[in-house]
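Structure file my_file_14.cif; described as mmCIF, C-alpha atoms.
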data_start
loop_
_atom_site.label_atom_id
_atom_site.label_comp_id
_atom_site.auth_asym_id
_atom_site.auth_seq_id
_atom_site.Cartn_x
_atom_site.Cartn_y
_atom_site.Cartn_z
CA MET A 164 -4.48 17.19 7.45
CA PHE A 165 -5.64 16.86 11.03
CA LEU A 166 -4.24 15.64 14.32
CA THR A 167 -5.03 11.94 14.07
CA HIS A 168 -3.03 10.66 17.05
CA GLY A 169 -3.01 11.60 20.70
CA MET A 170 -0.60 10.68 23.48
CA ASN A 171 -1.68 8.38 26.31
CA GLU A 172 -0.22 8.26 29.83
CA SER A 173 2.49 5.83 28.68
CA GLY A 174 3.72 8.21 26.01
CA GLU A 175 2.31 6.10 23.18
CA LEU A 176 0.43 7.50 20.20
CA VAL A 177 -3.17 6.31 19.93
CA SER A 178 -5.11 6.56 16.68
CA VAL A 179 -8.46 8.33 16.57
CA ALA A 180 -9.82 5.12 15.02
CA ASP A 181 -9.24 3.31 18.32
CA VAL A 182 -11.24 5.64 20.58
CA LYS A 183 -14.87 6.61 20.86
CA SER A 184 -16.16 9.98 19.78
CA GLY A 185 -16.06 12.71 22.41
CA HIS A 186 -13.76 13.54 25.33
CA THR A 187 -10.77 11.24 25.80
CA ASN A 188 -7.97 10.63 28.28
CA LEU A 189 -5.41 11.50 25.62
CA HIS A 190 -3.24 14.60 25.42
CA CYS A 191 -1.76 16.67 22.62
CA PRO A 192 1.80 15.44 21.95
CA PHE A 193 2.99 19.06 21.81
CA CYS A 194 1.18 21.06 24.48
CA SER A 195 -0.35 18.30 26.68
CA GLU A 196 -3.84 19.80 26.28
CA LYS A 197 -6.73 17.34 26.63
CA LEU A 198 -8.05 16.03 23.31
CA ILE A 199 -11.56 15.46 21.97
CA ALA A 200 -12.19 12.85 19.29
CA ARG A 201 -14.19 14.32 16.40
CA LYS A 202 -15.77 11.53 14.37
CA GLY A 203 -18.42 13.23 12.29
CA ALA A 204 -19.91 12.46 8.90
CA ILE A 205 -18.16 15.11 6.82
CA LYS A 206 -14.56 15.73 7.87
CA GLU A 207 -11.86 13.15 8.34
CA HIS A 208 -11.94 11.73 11.87
CA HIS A 209 -9.46 13.63 14.03
CA PHE A 210 -8.60 15.01 17.44
CA ALA A 211 -9.37 18.55 18.53
CA HIS A 212 -7.94 20.40 21.51
CA ALA A 213 -10.29 20.85 24.44
CA GLY A 214 -8.97 24.41 24.59
CA GLU A 215 -7.21 26.51 21.99
CA THR A 216 -5.25 24.61 19.33
CA CYS A 217 -1.52 25.07 19.81
CA MET A 218 0.51 26.48 16.93
CA GLU A 219 3.19 23.80 17.30
CA SER A 220 0.73 21.03 16.51
CA LYS A 221 -0.51 22.90 13.43
CA SER A 222 2.97 23.44 11.99
CA THR A 223 4.22 19.96 12.87
CA ILE A 224 1.19 18.26 11.34
CA GLN A 225 1.91 20.05 8.08
CA GLN A 226 5.56 19.00 8.18
CA THR A 227 5.10 15.36 9.15
CA GLY A 228 2.61 14.16 6.56
CA LEU A 229 3.21 10.52 5.64
CA PRO A 230 4.01 9.77 1.97
CA PHE A 231 1.02 8.54 -0.05
CA TYR A 232 -1.08 8.57 3.10
CA ASP A 233 -1.36 12.19 4.24
CA ILE A 234 0.42 13.55 1.15
CA ALA A 235 -1.17 12.26 -2.05
CA THR A 236 1.90 13.14 -4.14
CA GLY A 237 4.36 11.45 -1.77
CA ILE A 238 6.15 14.69 -0.89
CA GLY A 239 5.10 18.32 -1.16
CA LYS A 240 4.00 19.66 -4.55
CA SER A 241 6.66 22.37 -4.48
CA ASP A 242 9.29 19.67 -3.85
CA ILE A 243 7.97 17.67 -6.82
CA LYS A 244 8.15 20.77 -9.02
CA LEU A 245 11.76 21.37 -8.03
CA LEU A 246 12.70 17.75 -8.78
CA ASP A 247 10.99 18.04 -12.15
CA LYS A 248 12.94 21.22 -12.83
CA PHE A 249 16.25 19.46 -12.16
CA GLN A 250 15.23 16.61 -14.45
CA ARG A 251 14.26 18.89 -17.34
CA TYR A 252 17.13 21.38 -17.28
CA ASP A 253 20.90 21.11 -16.90
CA ASN A 254 21.42 24.61 -15.51
CA VAL A 255 18.89 25.51 -12.83
CA TRP A 256 18.89 28.86 -11.07
CA LEU A 257 17.76 28.52 -7.46
CA SER A 258 16.29 31.09 -5.15
CA GLN A 259 17.40 30.99 -1.53
CA LYS A 260 14.29 29.04 -0.56
CA GLN A 261 14.77 26.57 -3.43
CA ALA A 262 18.42 26.11 -2.44
CA GLU A 263 17.29 25.19 1.09
CA THR A 264 14.71 22.78 -0.35
CA ALA A 265 17.41 21.19 -2.51
CA MET A 266 19.45 20.55 0.63
CA TYR A 267 16.47 18.82 2.27
CA LEU A 268 15.90 16.70 -0.83
CA THR A 269 19.57 15.77 -0.88
CA GLN A 270 19.37 14.63 2.74
CA GLY A 271 16.37 12.50 1.79
CA GLY A 272 18.22 10.81 -1.07
CA LEU A 273 16.12 12.37 -3.83
CA LEU A 274 18.90 14.63 -5.14
CA GLU A 275 22.67 14.23 -5.28
CA PRO A 276 25.57 16.44 -6.40
CA SER A 277 26.37 16.09 -10.09
CA PRO A 278 29.65 14.14 -10.57
CA ASN A 279 30.83 16.59 -13.23
CA LYS A 280 29.64 19.75 -11.49
CA PRO A 281 29.54 19.25 -7.69
CA GLU A 282 27.81 22.61 -7.26
CA LYS A 283 24.91 21.32 -9.38
CA TYR A 284 22.30 18.69 -8.52
CA GLN A 285 20.91 15.68 -10.31
CA LEU A 286 18.10 13.30 -9.45
CA THR A 287 18.83 10.00 -7.75
CA ARG A 288 17.01 6.87 -8.83
CA LEU A 289 14.42 7.45 -6.11
CA GLY A 290 13.94 11.02 -7.29
CA ARG A 291 13.47 9.88 -10.89
CA ASP A 292 10.99 7.20 -9.85
CA LEU A 293 8.96 9.75 -7.90
CA VAL A 294 8.85 12.26 -10.76
CA LYS A 295 7.97 9.50 -13.21
CA HIS A 296 5.14 8.36 -10.96
CA HIS A 297 3.86 11.92 -10.62
CA ASP A 298 4.02 12.59 -14.37
CA SER A 299 2.35 9.33 -15.37
CA LEU A 300 -0.89 10.04 -17.19
CA LEU A 301 -1.99 6.41 -17.06
CA GLN A 302 -3.42 5.27 -13.76
CA LYS A 303 -1.63 2.05 -12.88
CA LYS A 304 -4.01 -0.62 -11.70
CA ILE A 305 -1.53 -2.68 -9.71
CA ILE A 306 -0.73 -1.27 -6.27
CA LEU A 307 2.79 -2.71 -6.05
CA PRO A 308 4.75 0.20 -7.65
CA GLU A 309 3.19 2.72 -5.27
CA ALA A 310 3.70 0.42 -2.29
CA THR A 311 7.39 0.08 -3.16
CA LEU A 312 7.80 3.81 -3.70
CA GLN A 313 6.02 4.57 -0.43
CA GLU A 314 8.37 2.27 1.49
CA GLN A 315 11.37 4.07 0.00
CA LEU A 316 9.92 7.49 0.83
CA PHE A 317 9.29 6.65 4.50
CA PRO A 318 13.01 6.79 5.49
CA ALA A 319 13.67 9.54 2.93
CA ARG A 320 11.09 11.77 4.58
CA LEU A 321 12.51 10.96 8.02
CA ALA A 322 16.02 11.99 6.93
CA MET A 323 14.66 15.28 5.60
CA LEU A 324 12.89 16.01 8.89
CA GLN A 325 15.94 15.09 10.95
CA TYR A 326 17.93 17.62 8.95
CA HIS A 327 15.15 20.18 9.48
CA ASP A 328 15.19 19.56 13.24
CA GLU A 329 18.95 19.94 13.35
CA MET A 330 18.75 23.27 11.53
CA ASN A 331 15.74 24.65 13.44
CA GLY A 332 15.80 22.99 16.86
CA THR A 333 12.39 21.32 16.37
CA GLN A 334 11.15 17.76 17.06
CA ALA A 335 9.23 17.02 13.88
CA ALA A 336 11.20 13.83 13.18
CA ARG A 337 10.22 12.31 16.52
CA PHE A 338 6.53 12.90 15.92
CA TYR A 339 6.87 11.60 12.36
CA GLN A 340 8.46 8.39 13.65
CA LEU A 341 5.69 7.91 16.19
CA ARG A 342 2.98 8.46 13.59
CA LEU A 343 4.73 6.18 11.11
CA GLN A 344 5.18 3.48 13.74
CA ALA A 345 1.48 3.65 14.58
CA LEU A 346 0.53 3.41 10.90
CA LEU A 347 2.87 0.50 10.17
CA ASN A 348 1.17 -1.46 12.95
CA GLN A 349 -2.17 -1.10 11.19
CA HIS A 350 -3.32 -4.04 9.09
CA LEU A 351 -5.14 -3.57 5.81
CA TYR A 352 -8.28 -5.65 5.35
CA VAL A 353 -10.85 -6.15 2.60
CA LEU A 354 -14.36 -7.38 3.38
CA LYS A 355 -17.20 -8.50 1.12
CA ILE A 356 -20.54 -7.45 2.56
CA HIS A 357 -24.17 -7.90 1.57
CA LEU A 358 -26.40 -5.19 3.04
CA GLN A 359 -30.17 -5.31 2.67
CA GLN A 360 -31.86 -1.90 2.60
CA GLY A 361 -35.59 -2.19 2.07
CA SER A 362 -36.18 -4.48 -0.90
CA THR A 363 -32.67 -3.97 -2.32
CA CYS A 364 -29.57 -5.97 -1.49
CA PHE A 365 -26.30 -4.10 -1.98
CA PRO A 366 -23.11 -6.15 -2.48
CA LEU A 367 -20.32 -4.02 -1.01
CA ILE A 368 -16.57 -3.97 -0.57
CA LYS A 369 -15.09 -2.43 2.57
CA VAL A 370 -11.41 -1.47 2.67
CA GLY A 371 -10.20 -0.52 6.12
CA ILE A 372 -7.39 -0.78 8.63
CA THR A 373 -7.17 -2.12 12.15
CA SER A 374 -4.48 -2.63 14.75
CA ARG A 375 -6.04 -5.94 15.82
CA SER A 376 -4.28 -9.07 14.64
CA GLU A 377 -7.60 -10.89 14.19
CA LEU A 378 -10.70 -9.50 12.49
CA ALA A 379 -13.46 -11.23 14.47
CA LEU A 380 -13.99 -8.36 16.92
CA ARG A 381 -13.67 -5.74 14.18
CA ILE A 382 -16.26 -7.54 12.07
CA SER A 383 -18.71 -7.59 14.97
CA GLU A 384 -18.24 -3.82 15.34
CA ILE A 385 -18.80 -3.28 11.63
CA LYS A 386 -21.93 -5.41 11.73
CA ARG A 387 -23.27 -3.40 14.65
CA ASP A 388 -22.63 -0.13 12.81
CA LEU A 389 -24.27 -1.36 9.61
CA GLN A 390 -27.36 -2.69 11.36
CA GLN A 391 -28.36 0.93 11.94
CA HIS A 392 -28.68 1.30 8.17
CA GLY A 393 -30.10 -2.06 7.09
CA GLU A 394 -29.91 -5.82 7.53
CA VAL A 395 -26.46 -7.38 7.26
CA LEU A 396 -26.89 -10.61 5.32
CA SER A 397 -23.23 -11.63 5.23
CA ILE A 398 -19.69 -10.43 5.90
CA GLU A 399 -16.80 -12.34 4.32
CA ILE A 400 -13.07 -11.69 4.69
CA ALA A 401 -11.59 -11.18 1.23
CA GLY A 402 -8.08 -10.38 2.44
CA LEU A 403 -5.97 -9.40 5.44
CA TYR A 404 -2.58 -7.81 4.74
CA ARG A 405 -0.60 -7.37 7.92
CA HIS A 406 1.23 -4.06 8.40
CA PHE A 407 0.02 -2.69 5.06
CA GLY A 408 -2.41 -0.16 6.54
CA SER A 409 -0.42 2.61 4.85
CA LEU A 410 -2.04 1.63 1.54
CA GLU A 411 -5.61 2.26 2.67
CA ARG A 412 -5.95 5.77 1.27
CA LEU A 413 -4.28 4.85 -2.00
CA ILE A 414 -6.93 2.18 -2.52
CA HIS A 415 -9.74 4.49 -1.42
CA LYS A 416 -8.53 6.97 -4.03
CA ARG A 417 -8.66 4.28 -6.73
CA PHE A 418 -12.22 3.33 -5.79
CA ARG A 419 -13.56 6.83 -5.14
CA ALA A 420 -15.92 6.78 -8.13
CA SER A 421 -17.63 3.68 -6.70
CA GLN A 422 -17.97 4.94 -3.14
CA PHE A 423 -21.09 3.87 -1.24
CA VAL A 424 -21.62 6.27 1.67
CA ILE A 425 -23.39 4.79 4.68
CA GLY A 426 -24.11 7.44 7.28
CA SER A 427 -20.72 8.78 8.36
CA HIS A 428 -18.85 5.81 6.88
CA THR A 429 -17.00 6.46 3.64
CA GLU A 430 -14.88 3.31 3.30
CA TYR A 431 -17.54 1.23 1.52
CA PHE A 432 -17.68 0.70 -2.24
CA HIS A 433 -20.02 -0.96 -4.74
CA ALA A 434 -18.71 -4.51 -5.11
CA ILE A 435 -19.83 -5.00 -8.71
CA GLU A 436 -18.06 -1.83 -9.86
CA THR A 437 -14.85 -2.45 -7.90
CA ALA A 438 -14.47 -6.25 -8.11
CA HIS A 439 -12.44 -6.16 -11.33
CA ASP A 440 -10.24 -3.28 -10.18
CA LEU A 441 -9.70 -5.01 -6.84
CA SER A 442 -8.38 -8.10 -8.60
CA LEU A 443 -6.12 -5.92 -10.77
CA LEU A 444 -4.59 -4.35 -7.66
CA ASN A 445 -3.01 -7.76 -7.03
CA LEU A 446 -2.73 -7.27 -3.28
CA GLU A 447 -1.41 -10.81 -2.90
CA ALA A 448 1.83 -9.67 -4.59
CA LEU A 449 2.61 -7.27 -1.73
CA GLY A 450 4.61 -9.93 0.08
CA LYS A 451 5.30 -10.02 3.81
CA ARG A 452 6.06 -6.78 5.62
CA THR A 453 7.90 -6.95 8.93
CA VAL A 454 8.01 -3.91 11.19
CA GLU A 455 10.54 -2.79 13.75
CA GLY A 456 9.59 0.54 15.27
CA ALA A 457 9.24 3.08 12.47
CA TYR A 458 11.07 0.90 9.96
CA CYS A 459 9.68 -1.80 7.72
CA ARG A 460 11.13 -4.48 5.49
CA THR A 461 9.29 -6.49 2.87
CA THR A 462 10.10 -10.05 1.82
CA TYR A 463 8.56 -12.52 -0.63
CA ARG A 464 7.53 -9.69 -2.95
CA GLU A 465 7.25 -11.08 -6.48
CA HIS A 466 9.03 -14.12 -5.07
CA ALA A 467 7.93 -16.54 -7.80
CA HIS A 468 9.09 -14.15 -10.52
CA LYS A 469 12.52 -13.80 -8.92
CA VAL A 470 12.85 -17.58 -8.63
CA ARG A 471 12.07 -18.04 -12.33
CA VAL A 472 14.58 -15.34 -13.29
CA GLY A 473 17.25 -17.05 -11.18
CA GLN A 474 16.51 -20.40 -12.77
CA ARG A 475 16.80 -18.95 -16.27
CA LYS A 476 20.11 -17.28 -15.40
CA ALA A 477 21.50 -20.53 -13.99
CA LYS A 478 20.49 -22.42 -17.11
CA LEU A 479 22.02 -19.79 -19.37
CA LEU A 480 25.31 -19.41 -17.48
CA ASN A 481 25.90 -22.94 -16.21
CA ASN A 482 23.61 -25.03 -18.38
CA THR A 483 22.08 -26.22 -15.11
CA HIS A 484 18.40 -26.86 -14.48
CA LEU A 485 17.17 -25.62 -11.09
CA GLY A 486 13.85 -26.63 -9.61
CA ARG A 487 11.92 -29.87 -9.84
CA PRO A 488 13.53 -32.46 -12.14
CA ALA A 489 12.11 -32.35 -15.66
CA LYS A 490 10.23 -35.53 -16.55
CA ASN A 491 10.77 -37.34 -19.83
CA ALA A 492 7.86 -38.43 -22.02
CA GLU A 493 7.81 -41.99 -20.69
CA ASN A 494 7.55 -40.84 -17.06
CA LEU A 495 4.81 -38.37 -17.93
CA LEU A 496 2.66 -41.07 -19.52
CA THR A 497 3.28 -43.47 -16.64
CA ASP A 498 2.48 -40.91 -13.95
CA HIS A 499 -0.72 -39.59 -15.56
CA PRO A 500 -2.80 -42.48 -16.94
CA ASP A 501 -6.01 -40.50 -16.40
CA ILE A 502 -4.78 -37.78 -18.77
CA VAL A 503 -3.76 -40.45 -21.30
CA GLU A 504 -7.30 -41.83 -21.08
CA ALA A 505 -8.74 -38.35 -21.62
CA PHE A 506 -6.50 -37.92 -24.68
CA HIS A 507 -7.76 -41.16 -26.23
CA ALA A 508 -11.32 -40.03 -25.47
CA SER A 509 -10.58 -36.96 -27.64
CA LEU A 510 -11.23 -34.53 -24.80
CA SER A 511 -9.99 -30.98 -25.20
CA LEU A 512 -7.31 -29.60 -22.88
CA ARG A 513 -9.89 -27.75 -20.83
CA LYS A 514 -12.24 -30.73 -20.53
CA ALA A 515 -9.35 -33.03 -19.60
CA ASN A 516 -8.29 -30.50 -16.98
CA THR A 517 -11.81 -30.50 -15.52
CA LYS A 518 -12.19 -34.28 -15.58
CA THR A 519 -8.80 -35.20 -14.10
CA GLY A 520 -8.31 -32.22 -11.79
CA LYS A 521 -4.73 -31.93 -13.05
CA ALA A 522 -3.13 -28.58 -13.87
CA ILE A 523 -3.72 -27.39 -17.41
CA ASN A 524 0.04 -27.26 -18.07
CA THR A 525 0.42 -30.88 -16.97
CA VAL A 526 -2.38 -31.89 -19.34
CA ARG A 527 -0.70 -29.95 -22.14
CA LYS A 528 2.66 -31.69 -21.54
CA VAL A 529 1.09 -35.16 -21.54
CA TYR A 530 -0.88 -34.41 -24.71
CA ALA A 531 2.31 -33.16 -26.40
CA ALA A 532 4.21 -36.30 -25.34
CA LEU A 533 1.46 -38.52 -26.75
CA LYS A 534 1.47 -36.67 -30.06
CA GLU A 535 5.26 -36.92 -30.33
CA SER A 536 5.13 -40.65 -29.66
CA GLY A 537 2.63 -41.10 -32.50
CA ASN A 538 -0.43 -41.85 -30.35
CA THR A 539 -3.69 -40.65 -31.85
#
Mind turning the file's structure into structure tokens?
Amino acid sequence: MFLTHGMNESGELVSVADVKSGHTNLHCPFCSEKLIARKGAIKEHHFAHAGETCMESKSTIQQTGLPFYDIATGIGKSDIKLLDKFQRYDNVWLSQKQAETAMYLTQGGLLEPSPNKPEKYQLTRLGRDLVKHHDSLLQKKIILPEATLQEQLFPARLAMLQYHDEMNGTQAARFYQLRLQALLNQHLYVLKIHLQQGSTCFPLIKVGITSRSELALRISEIKRDLQQHGEVLSIEIAGLYRHFGSLERLIHKRFRASQFVIGSHTEYFHAIETAHDLSLLNLEALGKRTVEGAYCRTTYREHAHKVRVGQRKAKLLNNTHLGRPAKNAENLLTDHPDIVEAFHASLSLRKANTKTGKAINTVRKVYAALKESGNT
């Protein structure tokens, strides 16, 4: 990991993505040394000290990695191993260092004292979910489980760092909150791009993040960058997911095999190879994330599914139908004469759907009502 944020004169963290390469007016959050933005073609874009790098920034950067953004496994690998150990065995011997780690994990809500043996630990639900995710051999296509787990780990990691600061007199939690706040104010976007290089046109997908609420200016910057490597035929917005910038690296990891490197830019991918996987990610199911400082809350996630579950429960418990009133056969036939006509013309469900423009389920219901009434 690198120092990816510097402090401006107002005490706000500024991402390296929002400054030009070279000397900046930003300072190190720890030693106030001037910072230089390094935005080369090989290493991750980051800030470097104009003078000697301070030790505090090095140690704090290692401590304050963001779950599933800086730390691919969510938390440290040694922490994961300890959680796995508690899950596998009832009696776990702990070294002094492991005992300290167990205390941190308890503060973060990943471990809890065993109800039968208070001196022993057991995994919480969050701890079990994290171990299960880490042990999974099958790469899940949908992004939602990782997004949910990441949101739960954000405050868990903060609680662990606050405990660390209390024990050691450090300020890691403050820097973590600032970095997290900056990341939560980044919006995830997906662009479809056609880039002409010589006689070949490359359809591309770009997955990136921006702090701008609108993409027009960002698209113009992208177009300017790409014009150095070919002719930009088109740029189309495929999706904008506000405050979900924390998922960028997870998606990049999924698409790594299809990466299309353009100069120093590594966030482009072959569209043909990634189109199917992109649809499987189901980014539309992420819902709406609202941010307040370093805290986020998500609503409308899997909203339709929850509504259907509630309706089924109400029908089962109270014999009550919730939702739009169910239509009887007579009303269906009266309300959809065009579908009735398609039925008598012996059109298939799909052809009737195309001709009338009505939903396929509506066509199916009308056809079923006609068959029940004896119409042929």
| query | Which value, in Å to one decimal, gives the distance between atom CA of A:Asp247 and atom CA of A:Lys283? | reply |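 Atom CA of A:Lys283 lies 14.6 Å from atom CA of A:Asp247.
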Interface rows for stretch 310-367 of chain A against stretch 380-401 of chain A: nearest pair, Å to one decimal, 12 Å, all atoms listed in the file, as CSV:
residue,atom,partner,partner_atom,distance
A:His350,CA,A:Arg381,CA,11.7
A:Leu351,CA,A:Ala401,CA,11.0
A:Tyr352,CA,A:Ala401,CA,7.6
A:Val353,CA,A:Ala401,CA,5.3
A:Leu354,CA,A:Ile400,CA,4.7
A:Lys355,CA,A:Glu399,CA,5.0
A:Ile356,CA,A:Ile398,CA,4.6
A:His357,CA,A:Ser397,CA,5.3
A:Leu358,CA,A:Val395,CA,4.8
A:Gln359,CA,A:Glu394,CA,4.9
A:Gln360,CA,A:Gly393,CA,4.8
A:Gly361,CA,A:Gly393,CA,7.4
A:Ser362,CA,A:Gly393,CA,10.3
A:Thr363,CA,A:Gly393,CA,9.9
A:Cys364,CA,A:Leu396,CA,8.7
A:Phe365,CA,A:Leu396,CA,9.8
A:Pro366,CA,A:Ser397,CA,9.5
A:Leu367,CA,A:Ile398,CA,9.4
| request: Find the distance between atom CA of A:His406 and atom CA of A:Cys459 and write it in Å to one decimal. | output: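 Separation of atom CA of A:His406 and atom CA of A:Cys459: 8.8 Å.
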| task | Apply the PyMOL selection byres ((chain A and resi 424-432) around 6) to the file shown and report the selected residues as a ChimeraX atom specification. | result | /A:204,367-370,421-423,433
| field | One-decimal distance in Å that lies between atom CA of A:Leu307 and atom CA of A:Arg337 | value |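 Answer for the atom CA of A:Arg337 to atom CA of A:Leu307 separation: 28.1 Å.
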| task | I would like the residues chosen by the PyMOL selection byres ((chain A and resi 340-346) around 7) on the shown file; could you give them as an MDAnalysis selection string? | result | chainID A and resid 176 336:339 347:349 408:409 456:457
| request: Can you turn the PyMOL selection byres ((chain A and resi 172) around 9) into a concrete residue list for this file, as an MDAnalysis selection string? | output: chainID A and resid 170:171 173:175 188:190
Coordinates of box centre and edge lengths for stretch 367-384 of chain A, 5 Å on every side, axis-aligned, as lines of an AutoDock Vina configuration file:
center_x = -12.3
center_y = -5.9
center_z = 8.0
size_x = 26.0
size_y = 20.7
size_z = 27.9
| Polymer residues at most 8 Å from A:Leu495, all atoms listed in the file, same-chain spacing of 3 or more positions, as an NGL selection string | :A and (490-492 or 498-499 or 528-529 or 532)
What does the file look like for those residues with C-alpha atoms, as a tab-separated table (two decimals), in the frame of the given file?
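Writing the result to part-v6.tsv gives the following:
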chain	number	residue	atom	x	y	z
A	490	LYS	CA	10.23	-35.53	-16.55
A	491	ASN	CA	10.77	-37.34	-19.83
A	492	ALA	CA	7.86	-38.43	-22.02
A	498	ASP	CA	2.48	-40.91	-13.95
A	499	HIS	CA	-0.72	-39.59	-15.56
A	528	LYS	CA	2.66	-31.69	-21.54
A	529	VAL	CA	1.09	-35.16	-21.54
A	532	ALA	CA	4.21	-36.30	-25.34
Stretch 197-268 of chain A residues near stretch 314-321 of chain A within 10 Å, closest pair each, using only C-alpha atoms, as JSON lines:
{"residue": "A:Gln226", "atom": "CA", "partner": "A:Arg320", "partner_atom": "CA", "distance": 9.8}
{"residue": "A:Thr227", "atom": "CA", "partner": "A:Arg320", "partner_atom": "CA", "distance": 8.3}
{"residue": "A:Gly228", "atom": "CA", "partner": "A:Arg320", "partner_atom": "CA", "distance": 9.0}
{"residue": "A:Leu229", "atom": "CA", "partner": "A:Phe317", "partner_atom": "CA", "distance": 7.3}
{"residue": "A:Pro230", "atom": "CA", "partner": "A:Leu316", "partner_atom": "CA", "distance": 6.4}
{"residue": "A:Phe231", "atom": "CA", "partner": "A:Leu316", "partner_atom": "CA", "distance": 9.0}
{"residue": "A:Gly237", "atom": "CA", "partner": "A:Leu316", "partner_atom": "CA", "distance": 7.3}
{"residue": "A:Ile238", "atom": "CA", "partner": "A:Arg320", "partner_atom": "CA", "distance": 7.9}
{"residue": "A:Tyr267", "atom": "CA", "partner": "A:Arg320", "partner_atom": "CA", "distance": 9.2}
{"residue": "A:Leu268", "atom": "CA", "partner": "A:Ala319", "partner_atom": "CA", "distance": 8.4}
Please return, as a compact mmCIF listing (two decimals) with C-alpha atoms, in the coordinates of the input, all polymer residues that have at least one atom within 8 Å of the point (15.6, 15.0, -11.4); use only C-alpha atoms and the file's own coordinate frame.
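Generated file (result.txt):
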# COMPACT_ATOMS: atom_id res chain seq x y z
CA LEU A 246 12.70 17.75 -8.78
CA ASP A 247 10.99 18.04 -12.15
CA LYS A 248 12.94 21.22 -12.83
CA PHE A 249 16.25 19.46 -12.16
CA GLN A 250 15.23 16.61 -14.45
CA ARG A 251 14.26 18.89 -17.34
CA LEU A 274 18.90 14.63 -5.14
CA GLN A 285 20.91 15.68 -10.31
CA LEU A 286 18.10 13.30 -9.45
CA THR A 287 18.83 10.00 -7.75
CA GLY A 290 13.94 11.02 -7.29
CA ARG A 291 13.47 9.88 -10.89
CA VAL A 294 8.85 12.26 -10.76
| query | Given the choices A:Ser195, A:Asp298, A:Leu533, A:Glu377, which gets closest to A:Thr497 if the distance is worked out from only C-alpha atoms? | reply | A:Leu533
| request: Identify the residues around (-8.5, 3.5, 21.3) within a radius of 12 Å, measuring from all atoms listed in the file in the coordinates stated by the file, and give them as a list in words. | output: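 Residues with an atom at most 12 Å from (-8.5, 3.5, 21.3): Thr167, His168, Gly169, Met170, Asn171, Glu175, Leu176, Val177, Ser178, Val179, Ala180, Asp181, Val182, Lys183, Ser184, Gly185, Thr187, Asn188, Leu189, Ala200, Thr373, Ser374 and Arg375 of chain A.
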File contents for stretch 283-293 of chain A with N, CA, C and O atoms as a short mmCIF file (atom, residue, chain, number, x, y, z; two decimals), in the first residue's frame:
data_model
loop_
_atom_site.label_atom_id
_atom_site.label_comp_id
_atom_site.auth_asym_id
_atom_site.auth_seq_id
_atom_site.Cartn_x
_atom_site.Cartn_y
_atom_site.Cartn_z
N LYS A 283 -12.91 -18.49 26.77
CA LYS A 283 -12.70 -18.92 25.39
C LYS A 283 -13.43 -17.98 24.43
O LYS A 283 -14.29 -17.19 24.84
N TYR A 284 -13.08 -18.08 23.15
CA TYR A 284 -13.70 -17.23 22.13
C TYR A 284 -14.47 -18.07 21.12
O TYR A 284 -14.15 -19.24 20.90
N GLN A 285 -15.44 -17.44 20.52
CA GLN A 285 -16.14 -18.04 19.39
C GLN A 285 -16.42 -16.95 18.35
O GLN A 285 -16.43 -15.76 18.67
N LEU A 286 -16.63 -17.36 17.12
CA LEU A 286 -16.84 -16.40 16.05
C LEU A 286 -18.25 -15.82 16.12
O LEU A 286 -19.22 -16.53 16.41
N THR A 287 -18.35 -14.54 15.84
CA THR A 287 -19.66 -13.91 15.68
C THR A 287 -20.16 -14.21 14.27
O THR A 287 -19.46 -14.83 13.46
N ARG A 288 -21.34 -13.76 13.97
CA ARG A 288 -21.87 -13.98 12.62
C ARG A 288 -20.99 -13.31 11.58
O ARG A 288 -20.72 -13.88 10.51
N LEU A 289 -20.52 -12.09 11.89
CA LEU A 289 -19.64 -11.39 10.96
C LEU A 289 -18.34 -12.15 10.77
O LEU A 289 -17.84 -12.27 9.65
N GLY A 290 -17.80 -12.69 11.85
CA GLY A 290 -16.58 -13.48 11.75
C GLY A 290 -16.77 -14.72 10.90
O GLY A 290 -15.92 -15.06 10.07
N ARG A 291 -17.91 -15.39 11.08
CA ARG A 291 -18.19 -16.59 10.28
C ARG A 291 -18.36 -16.24 8.80
O ARG A 291 -17.88 -16.96 7.92
N ASP A 292 -19.05 -15.13 8.53
CA ASP A 292 -19.25 -14.71 7.14
C ASP A 292 -17.91 -14.41 6.47
O ASP A 292 -17.71 -14.74 5.29
N LEU A 293 -17.01 -13.79 7.21
CA LEU A 293 -15.71 -13.43 6.64
C LEU A 293 -14.88 -14.68 6.35
O LEU A 293 -14.27 -14.79 5.29
#
